[in-house]
Structure formats: C-alpha cells, structure tokens
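Structure below is data18.pdb: PDB, C-alpha atoms.
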ATOM      1  CA  MET A  18     -30.240  17.781  21.462  1.00  0.00           C
ATOM      2  CA  ARG A  19     -31.448  15.756  18.467  1.00  0.00           C
ATOM      3  CA  GLY A  20     -28.273  16.732  16.531  1.00  0.00           C
ATOM      4  CA  ALA A  21     -26.097  15.497  19.378  1.00  0.00           C
ATOM      5  CA  ILE A  22     -27.907  12.138  19.413  1.00  0.00           C
ATOM      6  CA  VAL A  23     -27.455  11.776  15.655  1.00  0.00           C
ATOM      7  CA  LEU A  24     -23.752  12.670  15.987  1.00  0.00           C
ATOM      8  CA  ILE A  25     -23.281  10.078  18.750  1.00  0.00           C
ATOM      9  CA  ALA A  26     -25.121   7.432  16.710  1.00  0.00           C
ATOM     10  CA  VAL A  27     -23.030   8.113  13.587  1.00  0.00           C
ATOM     11  CA  SER A  28     -19.829   8.074  15.639  1.00  0.00           C
ATOM     12  CA  ALA A  29     -20.778   4.732  17.223  1.00  0.00           C
ATOM     13  CA  LEU A  30     -21.667   3.294  13.820  1.00  0.00           C
ATOM     14  CA  LEU A  31     -18.359   4.388  12.293  1.00  0.00           C
ATOM     15  CA  SER A  32     -16.438   2.919  15.218  1.00  0.00           C
ATOM     16  CA  ALA A  33     -18.264  -0.386  14.850  1.00  0.00           C
ATOM     17  CA  CYS A  34     -17.458  -0.438  11.136  1.00  0.00           C
ATOM     18  CA  GLY A  35     -13.777   0.181  11.814  1.00  0.00           C
ATOM     19  CA  GLY A  36     -13.254   3.704  10.531  1.00  0.00           C
ATOM     20  CA  ALA A  37     -14.514   7.000   9.326  1.00  0.00           C
ATOM     21  CA  GLY A  38     -15.874   5.961   5.977  1.00  0.00           C
ATOM     22  CA  ASP A  39     -12.723   4.553   4.385  1.00  0.00           C
ATOM     23  CA  ALA A  40     -11.792   1.030   3.373  1.00  0.00           C
ATOM     24  CA  SER A  41      -8.508   1.220   5.220  1.00  0.00           C
ATOM     25  CA  GLY A  42      -7.055  -0.898   7.914  1.00  0.00           C
ATOM     26  CA  GLY A  43      -3.339  -1.184   7.157  1.00  0.00           C
ATOM     27  CA  ARG A  44      -2.203   0.788  10.178  1.00  0.00           C
ATOM     28  CA  ALA A  45       1.433   1.252  11.033  1.00  0.00           C
ATOM     29  CA  ALA A  46       2.807   1.882  14.504  1.00  0.00           C
ATOM     30  CA  GLN A  47       2.471   5.654  14.049  1.00  0.00           C
ATOM     31  CA  GLY A  48      -1.267   5.410  13.348  1.00  0.00           C
ATOM     32  CA  VAL A  49      -0.832   5.946   9.601  1.00  0.00           C
ATOM     33  CA  VAL A  50      -3.473   4.152   7.578  1.00  0.00           C
ATOM     34  CA  LEU A  51      -3.054   2.491   4.184  1.00  0.00           C
ATOM     35  CA  PRO A  52      -6.094   1.326   2.238  1.00  0.00           C
ATOM     36  CA  LEU A  53      -6.430  -2.451   2.105  1.00  0.00           C
ATOM     37  CA  GLY A  54      -5.784  -4.043  -1.260  1.00  0.00           C
ATOM     38  CA  VAL A  55      -3.225  -5.006  -3.876  1.00  0.00           C
ATOM     39  CA  TYR A  56      -0.425  -2.578  -4.691  1.00  0.00           C
ATOM     40  CA  GLU A  57       0.513  -3.580  -8.223  1.00  0.00           C
ATOM     41  CA  CYS A  58       4.039  -2.724  -9.393  1.00  0.00           C
ATOM     42  CA  ASP A  59       5.470  -2.037 -12.824  1.00  0.00           C
ATOM     43  CA  ALA A  60       8.430  -0.401 -14.499  1.00  0.00           C
ATOM     44  CA  PRO A  61       7.832   1.786 -17.543  1.00  0.00           C
ATOM     45  CA  ILE A  62       9.641   0.640 -20.718  1.00  0.00           C
ATOM     46  CA  MET A  63       9.808   1.984 -24.267  1.00  0.00           C
ATOM     47  CA  ILE A  64       8.341  -0.262 -26.973  1.00  0.00           C
ATOM     48  CA  GLY A  65       8.222   1.127 -30.502  1.00  0.00           C
ATOM     49  CA  GLY A  66       8.558   4.691 -29.214  1.00  0.00           C
ATOM     50  CA  MET A  67       5.676   4.309 -26.757  1.00  0.00           C
ATOM     51  CA  VAL A  68       5.891   3.956 -22.989  1.00  0.00           C
ATOM     52  CA  SER A  69       4.397   0.707 -21.735  1.00  0.00           C
ATOM     53  CA  ALA A  70       4.085  -0.846 -18.286  1.00  0.00           C
ATOM     54  CA  ASN A  71       6.319  -3.827 -17.553  1.00  0.00           C
ATOM     55  CA  PRO A  72       4.751  -5.754 -14.601  1.00  0.00           C
ATOM     56  CA  GLN A  73       7.070  -6.427 -11.658  1.00  0.00           C
ATOM     57  CA  THR A  74       5.655  -9.152  -9.406  1.00  0.00           C
ATOM     58  CA  GLY A  75       8.656  -9.330  -7.026  1.00  0.00           C
ATOM     59  CA  PRO A  76       7.969  -6.075  -5.163  1.00  0.00           C
ATOM     60  CA  MET A  77       4.147  -6.331  -5.366  1.00  0.00           C
ATOM     61  CA  PHE A  78       2.367  -6.363  -2.022  1.00  0.00           C
ATOM     62  CA  GLY A  79      -1.131  -6.378  -0.636  1.00  0.00           C
ATOM     63  CA  VAL A  80      -2.128  -4.626   2.572  1.00  0.00           C
ATOM     64  CA  THR A  81      -4.192  -7.223   4.431  1.00  0.00           C
ATOM     65  CA  GLY A  82      -4.685  -5.570   7.804  1.00  0.00           C
ATOM     66  CA  PRO A  83      -3.121  -3.343  10.427  1.00  0.00           C
ATOM     67  CA  GLY A  84       0.617  -3.304   9.661  1.00  0.00           C
ATOM     68  CA  ARG A  85       0.343  -6.575   7.692  1.00  0.00           C
ATOM     69  CA  TYR A  86       1.039  -7.437   4.068  1.00  0.00           C
ATOM     70  CA  ARG A  87       1.063 -10.369   1.677  1.00  0.00           C
ATOM     71  CA  ASP A  88       3.410 -10.712  -1.284  1.00  0.00           C
ATOM     72  CA  PHE A  89       2.674 -11.949  -4.815  1.00  0.00           C
ATOM     73  CA  ASP A  90       3.454 -15.566  -3.855  1.00  0.00           C
ATOM     74  CA  GLY A  91       1.267 -15.508  -0.731  1.00  0.00           C
ATOM     75  CA  GLY A  92       3.981 -14.992   1.876  1.00  0.00           C
ATOM     76  CA  GLU A  93       3.000 -12.793   4.817  1.00  0.00           C
ATOM     77  CA  GLY A  94       4.837 -10.192   6.846  1.00  0.00           C
ATOM     78  CA  ARG A  95       4.661  -6.891   8.709  1.00  0.00           C
ATOM     79  CA  PHE A  96       5.348  -3.316   7.639  1.00  0.00           C
ATOM     80  CA  GLU A  97       5.789   0.157   9.082  1.00  0.00           C
ATOM     81  CA  LEU A  98       5.125   3.494   7.428  1.00  0.00           C
ATOM     82  CA  ALA A  99       6.950   6.564   8.742  1.00  0.00           C
ATOM     83  CA  ASP A 100       7.932   9.831   7.063  1.00  0.00           C
ATOM     84  CA  HIS A 101       6.563   8.588   3.716  1.00  0.00           C
ATOM     85  CA  VAL A 102       8.789   5.488   3.736  1.00  0.00           C
ATOM     86  CA  LEU A 103       7.101   2.088   3.775  1.00  0.00           C
ATOM     87  CA  SER A 104       9.434  -0.522   5.266  1.00  0.00           C
ATOM     88  CA  MET A 105       8.752  -4.237   5.189  1.00  0.00           C
ATOM     89  CA  THR A 106       9.949  -5.366   8.614  1.00  0.00           C
ATOM     90  CA  SER A 107       9.370  -9.122   8.353  1.00  0.00           C
ATOM     91  CA  GLY A 108       8.318 -11.811   5.907  1.00  0.00           C
ATOM     92  CA  PRO A 109       9.439 -12.410   2.318  1.00  0.00           C
ATOM     93  CA  LEU A 110       9.879  -8.699   1.514  1.00  0.00           C
ATOM     94  CA  GLU A 111      11.783  -7.922   4.735  1.00  0.00           C
ATOM     95  CA  GLY A 112      14.205  -5.049   4.135  1.00  0.00           C
ATOM     96  CA  THR A 113      12.334  -3.799   1.060  1.00  0.00           C
ATOM     97  CA  ARG A 114      11.508  -0.104   1.240  1.00  0.00           C
ATOM     98  CA  TYR A 115       9.211   2.124  -0.798  1.00  0.00           C
ATOM     99  CA  ARG A 116       8.816   5.909  -0.962  1.00  0.00           C
ATOM    100  CA  GLN A 117       5.206   7.030  -0.605  1.00  0.00           C
ATOM    101  CA  ASP A 118       4.135   9.992  -2.717  1.00  0.00           C
ATOM    102  CA  PRO A 119       3.180  12.706  -0.202  1.00  0.00           C
ATOM    103  CA  GLU A 120       0.331  13.843  -2.458  1.00  0.00           C
ATOM    104  CA  MET A 121      -1.058  10.376  -3.233  1.00  0.00           C
ATOM    105  CA  GLU A 122      -1.133   7.899  -0.331  1.00  0.00           C
ATOM    106  CA  THR A 123      -1.603   4.854  -2.572  1.00  0.00           C
ATOM    107  CA  TYR A 124       1.403   5.479  -4.880  1.00  0.00           C
ATOM    108  CA  PHE A 125       4.834   4.106  -3.965  1.00  0.00           C
ATOM    109  CA  GLN A 126       8.234   3.901  -5.635  1.00  0.00           C
ATOM    110  CA  LEU A 127      10.717   1.159  -4.811  1.00  0.00           C
ATOM    111  CA  LEU A 128      13.871   2.391  -3.081  1.00  0.00           C
ATOM    112  CA  ASP A 129      17.271   0.854  -3.791  1.00  0.00           C
ATOM    113  CA  GLU A 130      19.832  -0.101  -1.127  1.00  0.00           C
ATOM    114  CA  ASN A 131      21.069   3.528  -1.051  1.00  0.00           C
ATOM    115  CA  GLY A 132      17.587   4.925  -0.486  1.00  0.00           C
ATOM    116  CA  GLU A 133      17.319   6.241  -4.048  1.00  0.00           C
ATOM    117  CA  VAL A 134      14.058   6.048  -5.999  1.00  0.00           C
ATOM    118  CA  GLY A 135      14.196   3.561  -8.872  1.00  0.00           C
ATOM    119  CA  ASP A 136      12.003   2.979 -11.923  1.00  0.00           C
ATOM    120  CA  ILE A 137       9.588   0.568 -10.243  1.00  0.00           C
ATOM    121  CA  ARG A 138       6.331   2.111  -9.089  1.00  0.00           C
ATOM    122  CA  CYS A 139       3.493   0.515  -7.142  1.00  0.00           C
ATOM    123  CA  LEU A 140      -0.071   1.739  -7.140  1.00  0.00           C
ATOM    124  CA  LEU A 141      -3.196   0.462  -5.401  1.00  0.00           C
ATOM    125  CA  ASN A 142      -5.265  -1.496  -7.932  1.00  0.00           C
ATOM    126  CA  THR A 143      -8.804  -1.443  -6.573  1.00  0.00           C
ATOM    127  CA  SER A 144      -9.987  -3.966  -9.183  1.00  0.00           C
ATOM    128  CA  LYS A 145      -7.823  -6.749  -7.720  1.00  0.00           C
ATOM    129  CA  ASP A 146      -9.205  -8.874  -4.891  1.00  0.00           C
ATOM    130  CA  ILE A 147      -6.716  -9.129  -2.026  1.00  0.00           C
ATOM    131  CA  ASN A 148      -8.035 -12.635  -1.240  1.00  0.00           C
ATOM    132  CA  ALA A 149      -7.680 -13.983  -4.789  1.00  0.00           C
ATOM    133  CA  PRO A 150      -4.550 -14.786  -6.815  1.00  0.00           C
ATOM    134  CA  TRP A 151      -3.135 -11.641  -8.356  1.00  0.00           C
TER
END
What's the structure tokens form of this structure?
Amino acid sequence: MRGAIVLIAVSALLSACGGAGDASGGRAAQGVVLPLGVYECDAPIMIGGMVSANPQTGPMFGVTGPGRYRDFDGGEGRFELADHVLSMTSGPLEGTRYRQDPEMETYFQLLDENGEVGDIRCLLNTSKDINAPW
C-alpha cells in the first residue's frame, strides 16, 4: 500500500513538472519529444589538413516548446517530426527539413531539396541559453 502511494505521488509530481524527468517539451503532432534548447549547426571543412567546424547560422534552430522553434535571428515558427525527418512547417525556416539520427535524438543533418543528406549537421548545444542571443 505504501509503495502504491509513493508511486502515485511521484507520478503526480512528474505530471506537474511536465514530464518524466527530461528537459523536453518540443512535441510534434505524433507525440515525439525533442529536448528544448539550441541546435547549433556547422559544416566540417579542412584547414591545414585538419577537420574544423564551420558555423552555419542559417539553418540553426532552437526548440522553444511543443512543436515550436526559433531561428538564429529570432523568427518563430512551427515544426513536425515524423519518421526521423524534422520539417519546419511555418516561420522563417518553413520548408527546411532535417534528418534525425535514429540513434541520437539531438543530432540532425540538413536535407537538400531532393531529400539527400548534405554536409551541414546540427546538434543540441546544452551550454547555449535558448532565451539569450546565440
């Protein structure tokens, strides 16, 4: 009986906090959850024989809430995530699509107009504040 009460209390607490212990909230229509935060994009380049990251601010996005994003310049829009494809459905990045790595939910690669994966990759940067300039 005591275990059941504890389980009910923990369940109620998690519901009140908005989830089961994660910092997510970027839900798509299918119930898929993306962690909130800035998804920083870059394209690897060779400099002096070494691979270096070349920042790409155009496709950068931040998940701000359920199905909502913000771009690098502060514009806002909506997104959907289905079958490991993140599609920006409105706002400044409307029409932009990313392939989600099936093994790593916070890693995306920009898709071109033919649906092919390009060189640009986007990864959740937990050190960036979604509410500050990035």
Exercise. Just how far from CA of Asp146 in chain A is CA of Val55 in chain A, in Å to one decimal?
Worked result: 7.2 Å
For this session: Name the residues captured by the PyMOL selection byres ((chain A and resi 115) around 6) when it is applied to the shown file; answer as a ChimeraX atom specification.
Result: /A:102-103,114,116,125-128
Any chance you could work out the residue set of the PyMOL selection byres ((chain A and resi 76) around 8) here, as a PDB file with C-alpha atoms, keeping the file's coordinate frame?
ATOM      1  CA  CYS A  58       4.039  -2.724  -9.393  1.00  0.00           C
ATOM      2  CA  GLN A  73       7.070  -6.427 -11.658  1.00  0.00           C
ATOM      3  CA  THR A  74       5.655  -9.152  -9.406  1.00  0.00           C
ATOM      4  CA  GLY A  75       8.656  -9.330  -7.026  1.00  0.00           C
ATOM      5  CA  MET A  77       4.147  -6.331  -5.366  1.00  0.00           C
ATOM      6  CA  PHE A  78       2.367  -6.363  -2.022  1.00  0.00           C
ATOM      7  CA  ASP A  88       3.410 -10.712  -1.284  1.00  0.00           C
ATOM      8  CA  PHE A  89       2.674 -11.949  -4.815  1.00  0.00           C
ATOM      9  CA  LEU A 110       9.879  -8.699   1.514  1.00  0.00           C
ATOM     10  CA  THR A 113      12.334  -3.799   1.060  1.00  0.00           C
ATOM     11  CA  LEU A 127      10.717   1.159  -4.811  1.00  0.00           C
TER      12      LEU A 127
END
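We find CA of Glu133 in chain A and CA of Leu53 in chain A to be spaced 26.0 Å apart.
Here CA of Leu98 in chain A is placed at a distance of 22.5 Å from CA of Ala60 in chain A.
With only C-alpha atoms taken into account, the protein and nucleic acid residues at most 12 Å from Met121 in chain A (excluding it and anything under 4 positions from it in its own chain) are A:Leu51, A:Pro52, A:His101, A:Arg116, A:Gln117, A:Phe125, A:Gln126, A:Cys139, A:Leu140, A:Leu141.
Each of A:Gly84, A:Gly65, A:Ile147, A:Asp90 was checked against Ser104 in chain A using all atoms listed in the file; the smallest atom-to-atom distance is that of A:Gly84.
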Please provide the set of residues having any atom within 8 Å of Gly92 in chain A, restricted to all atoms listed in the file, with same-chain residues fewer than 5 positions apart removed, written as an mmCIF file with C-alpha atoms, in the frame of the given file.
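What follows is the written file selection.cif:
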data_model
loop_
_atom_site.group_PDB
_atom_site.id
_atom_site.type_symbol
_atom_site.label_atom_id
_atom_site.label_comp_id
_atom_site.auth_asym_id
_atom_site.auth_seq_id
_atom_site.Cartn_x
_atom_site.Cartn_y
_atom_site.Cartn_z
ATOM 1 C CA ARG A 87 1.063 -10.369 1.677
ATOM 2 C CA GLY A 108 8.318 -11.811 5.907
ATOM 3 C CA PRO A 109 9.439 -12.410 2.318
#
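Of the residues listed (A:Gly79, A:Arg95, A:Asp129, A:Ile62), A:Gly79 shows the shortest atom-to-atom separation from Asn142 in chain A; distances use all atoms listed in the file.
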